[in-house]
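Scroll down for the structure; my scribbles are underneath it.
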Amino acid sequence: MITAIRDVRRAKGLTLEDVARRCDPPTTAQTIGRLETGTRTVSIGWLNRIATALGVEASDLVTLPDRTDLHVAAILDGREAHAPRRTTTAPPPQVAPGQIAISVANGTGDYRAGDVIWAAILAPQNFATALNRDALVPQAAGKFAFGRLTQCNGDVTVLPPGTGTRSLTIADPAWIAVAVRLVREL
């Protein structure tokens with residue numbers, strides 16, 4: 001079986017030691033290295049442990065014959081675009097439990113028509129983690145507010161995108177969904 005453990009680990013900017021510590025139970029960097037290189041057989045149990053440590057699905061770590069990988073041709077940094085030092089692939093976006101999508105029909109603020117915003121649902125005790133990020137907030141009668149979360153103390157306040165908009169305060173929402181990924185066709 002050919003695995004993409006190394007590619008996914010590198011794409012996430014993690015070291016062997018990082019992954020080893022994140023495993024449950026923790027293991028050694030040497031073990032992760034052996035599993036990456038194929039010098040040690042990768043069992044389903046190991047695939048699941050490493051996938052959890054990397055925050056991906058186990059299926060993302062297995063290269064299948066009919067799976068098309070997206071190879072990274074260049075790395076863009078602050079000054080230039082340059083070739084990667086090693087062959088690598090971009091991990092495909094994966095839907096996680098508790099995610100929803102927001103479809104942009106008409107451009108507003110930094111969002112363009114056709115954009116899809118992936119958002120992660122947060123419970124009230126986690127609202128503060130979304131401060132200064134864009135969020136979707138449910139309102140009464142099936143309506144929603146969307147914008148930059150500027151305040152959360154039971155009630156939440158959002159500033160909708162675009163110029164000349166006014167902040168909206170929503171009383172005690174049951175959940176909010178914070179934007180985590182923007183999918184845009186160029």
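By order of appearance in the structure tokens: chains A, B, ..., then residues from 1 within every chain, and ligands from 1 in the order shown.
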For region 57-62 of chain A, list every protein, DNA or RNA residue within 10 Å, evaluated using only C-alpha atoms, and leave out those in the same chain fewer than 2 positions away; present the list as a PyMOL selection string.
chain A and resi 1-9+36+44-52+54-55+64-65+67+91-96
DSSP on the backbone, then: every residue of chain A marked alpha helix (DSSP H), written as a ChimeraX atom specification. /A:5-11,16-22,29-37,44-54
Let's have the selection written as a compact mmCIF listing (two decimals), in the first residue's frame, with N, CA, C and O atoms.
```txt
# COMPACT_ATOMS: atom_id res chain seq x y z
N ILE A 5 1.29 9.78 3.82
CA ILE A 5 1.48 10.32 5.17
C ILE A 5 2.47 11.48 5.13
O ILE A 5 2.21 12.56 5.65
N ARG A 6 3.62 11.26 4.48
CA ARG A 6 4.66 12.29 4.43
C ARG A 6 4.16 13.55 3.71
O ARG A 6 4.38 14.66 4.18
N ASP A 7 3.47 13.36 2.59
CA ASP A 7 2.97 14.52 1.84
C ASP A 7 1.99 15.34 2.67
O ASP A 7 2.06 16.57 2.69
N VAL A 8 1.07 14.67 3.33
CA VAL A 8 0.07 15.38 4.14
C VAL A 8 0.75 16.05 5.33
O VAL A 8 0.47 17.20 5.66
N ARG A 9 1.66 15.35 5.98
CA ARG A 9 2.38 15.92 7.14
C ARG A 9 3.13 17.18 6.72
O ARG A 9 3.05 18.22 7.38
N ARG A 10 3.84 17.11 5.61
CA ARG A 10 4.61 18.27 5.14
C ARG A 10 3.69 19.40 4.71
O ARG A 10 4.00 20.58 4.95
N ALA A 11 2.58 19.05 4.05
CA ALA A 11 1.63 20.09 3.63
C ALA A 11 1.06 20.84 4.83
O ALA A 11 0.74 22.03 4.73
N LEU A 16 8.01 15.07 12.12
CA LEU A 16 7.74 13.70 12.58
C LEU A 16 7.42 13.71 14.07
O LEU A 16 6.51 13.02 14.53
N GLU A 17 8.16 14.48 14.83
CA GLU A 17 7.95 14.58 16.28
C GLU A 17 6.57 15.15 16.59
O GLU A 17 5.88 14.68 17.51
N ASP A 18 6.12 16.17 15.83
CA ASP A 18 4.79 16.74 16.05
C ASP A 18 3.71 15.67 15.91
O ASP A 18 2.81 15.56 16.73
N VAL A 19 3.80 14.90 14.83
CA VAL A 19 2.80 13.86 14.57
C VAL A 19 2.87 12.78 15.65
O VAL A 19 1.85 12.32 16.15
N ALA A 20 4.08 12.39 16.02
CA ALA A 20 4.25 11.36 17.05
C ALA A 20 3.60 11.78 18.36
O ALA A 20 2.92 10.98 19.01
N ARG A 21 3.79 13.04 18.76
CA ARG A 21 3.17 13.55 20.00
C ARG A 21 1.66 13.61 19.91
O ARG A 21 0.96 13.42 20.89
N ARG A 22 1.12 13.91 18.71
CA ARG A 22 -0.32 14.05 18.53
C ARG A 22 -1.04 12.70 18.48
O ARG A 22 -2.26 12.66 18.60
N ALA A 29 8.96 9.60 16.88
CA ALA A 29 9.17 10.14 15.54
C ALA A 29 9.74 9.07 14.62
O ALA A 29 9.40 9.02 13.43
N GLN A 30 10.57 8.19 15.16
CA GLN A 30 11.16 7.11 14.38
C GLN A 30 10.09 6.18 13.83
O GLN A 30 10.14 5.78 12.66
N THR A 31 9.09 5.87 14.64
CA THR A 31 7.99 5.01 14.18
C THR A 31 7.22 5.67 13.06
O THR A 31 6.92 5.04 12.03
N ILE A 32 6.91 6.95 13.22
CA ILE A 32 6.18 7.68 12.16
C ILE A 32 7.01 7.69 10.89
O ILE A 32 6.50 7.46 9.79
N GLY A 33 8.32 7.91 11.00
CA GLY A 33 9.20 7.91 9.83
C GLY A 33 9.19 6.57 9.12
O GLY A 33 9.17 6.50 7.89
N ARG A 34 9.23 5.48 9.87
CA ARG A 34 9.20 4.14 9.27
C ARG A 34 7.88 3.88 8.56
O ARG A 34 7.85 3.24 7.51
N LEU A 35 6.79 4.35 9.16
CA LEU A 35 5.48 4.17 8.52
C LEU A 35 5.39 5.00 7.25
O LEU A 35 4.79 4.57 6.26
N GLU A 36 5.97 6.19 7.26
CA GLU A 36 5.97 7.06 6.07
C GLU A 36 6.74 6.44 4.91
O GLU A 36 6.32 6.52 3.77
N THR A 37 7.89 5.87 5.22
CA THR A 37 8.77 5.37 4.17
C THR A 37 8.44 3.95 3.72
O THR A 37 8.99 3.46 2.74
N ILE A 44 -4.42 -0.66 9.42
CA ILE A 44 -5.60 0.23 9.50
C ILE A 44 -5.56 1.01 10.81
O ILE A 44 -5.87 2.20 10.85
N GLY A 45 -5.17 0.34 11.89
CA GLY A 45 -5.07 1.02 13.19
C GLY A 45 -4.10 2.19 13.14
O GLY A 45 -4.41 3.28 13.65
N TRP A 46 -2.91 1.97 12.53
CA TRP A 46 -1.95 3.06 12.41
C TRP A 46 -2.46 4.17 11.51
O TRP A 46 -2.27 5.35 11.79
N LEU A 47 -3.10 3.80 10.41
CA LEU A 47 -3.66 4.82 9.52
C LEU A 47 -4.64 5.71 10.27
O LEU A 47 -4.61 6.93 10.14
N ASN A 48 -5.52 5.09 11.06
CA ASN A 48 -6.50 5.86 11.82
C ASN A 48 -5.83 6.77 12.85
O ASN A 48 -6.22 7.92 13.02
N ARG A 49 -4.83 6.23 13.57
CA ARG A 49 -4.13 7.04 14.57
C ARG A 49 -3.43 8.24 13.94
O ARG A 49 -3.50 9.37 14.44
N ILE A 50 -2.75 8.00 12.82
CA ILE A 50 -2.01 9.08 12.17
C ILE A 50 -2.97 10.08 11.53
O ILE A 50 -2.74 11.29 11.59
N ALA A 51 -4.05 9.59 10.94
CA ALA A 51 -5.04 10.49 10.35
C ALA A 51 -5.61 11.43 11.41
O ALA A 51 -5.73 12.64 11.18
N THR A 52 -5.94 10.89 12.57
CA THR A 52 -6.46 11.72 13.66
C THR A 52 -5.40 12.74 14.08
O THR A 52 -5.72 13.91 14.29
N ALA A 53 -4.16 12.32 14.18
CA ALA A 53 -3.07 13.23 14.57
C ALA A 53 -2.88 14.35 13.54
O ALA A 53 -2.54 15.47 13.90
N LEU A 54 -3.12 14.05 12.27
CA LEU A 54 -2.96 15.04 11.21
C LEU A 54 -4.23 15.84 10.95
O LEU A 54 -4.22 16.80 10.18
```
One decimal, in Å: what's the spacing between CA of Phe146 (chain A) and CA of Val178 (chain A)?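 Atom-to-atom, CA of Phe146 (chain A) and CA of Val178 (chain A) are spaced 9.6 Å apart.
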Original post:
So which residues touch region 135-143 of chain A within 12 Å, counting only C-alpha atoms, skipping near sequence neighbours fewer than 2 positions away, as a PyMOL selection string?
Top reply: chain A and resi 99-103+117-124+127-133+145-152+155-161+168-181
- Message: Can you tell me which residues surround Gly162 (chain A) at a distance of at most 10 Å, considering only C-alpha atoms, apart from same-chain residues fewer than 5 positions away, and format the answer as a PyMOL selection string?
- Response: chain A and resi 107-111+147
Atom-to-atom span, CA of Ile75 (chain A) and CA of Gly114 (chain A), Å:
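About the pair CA of Ile75 (chain A) and CA of Gly114 (chain A): they are 26.1 Å apart.
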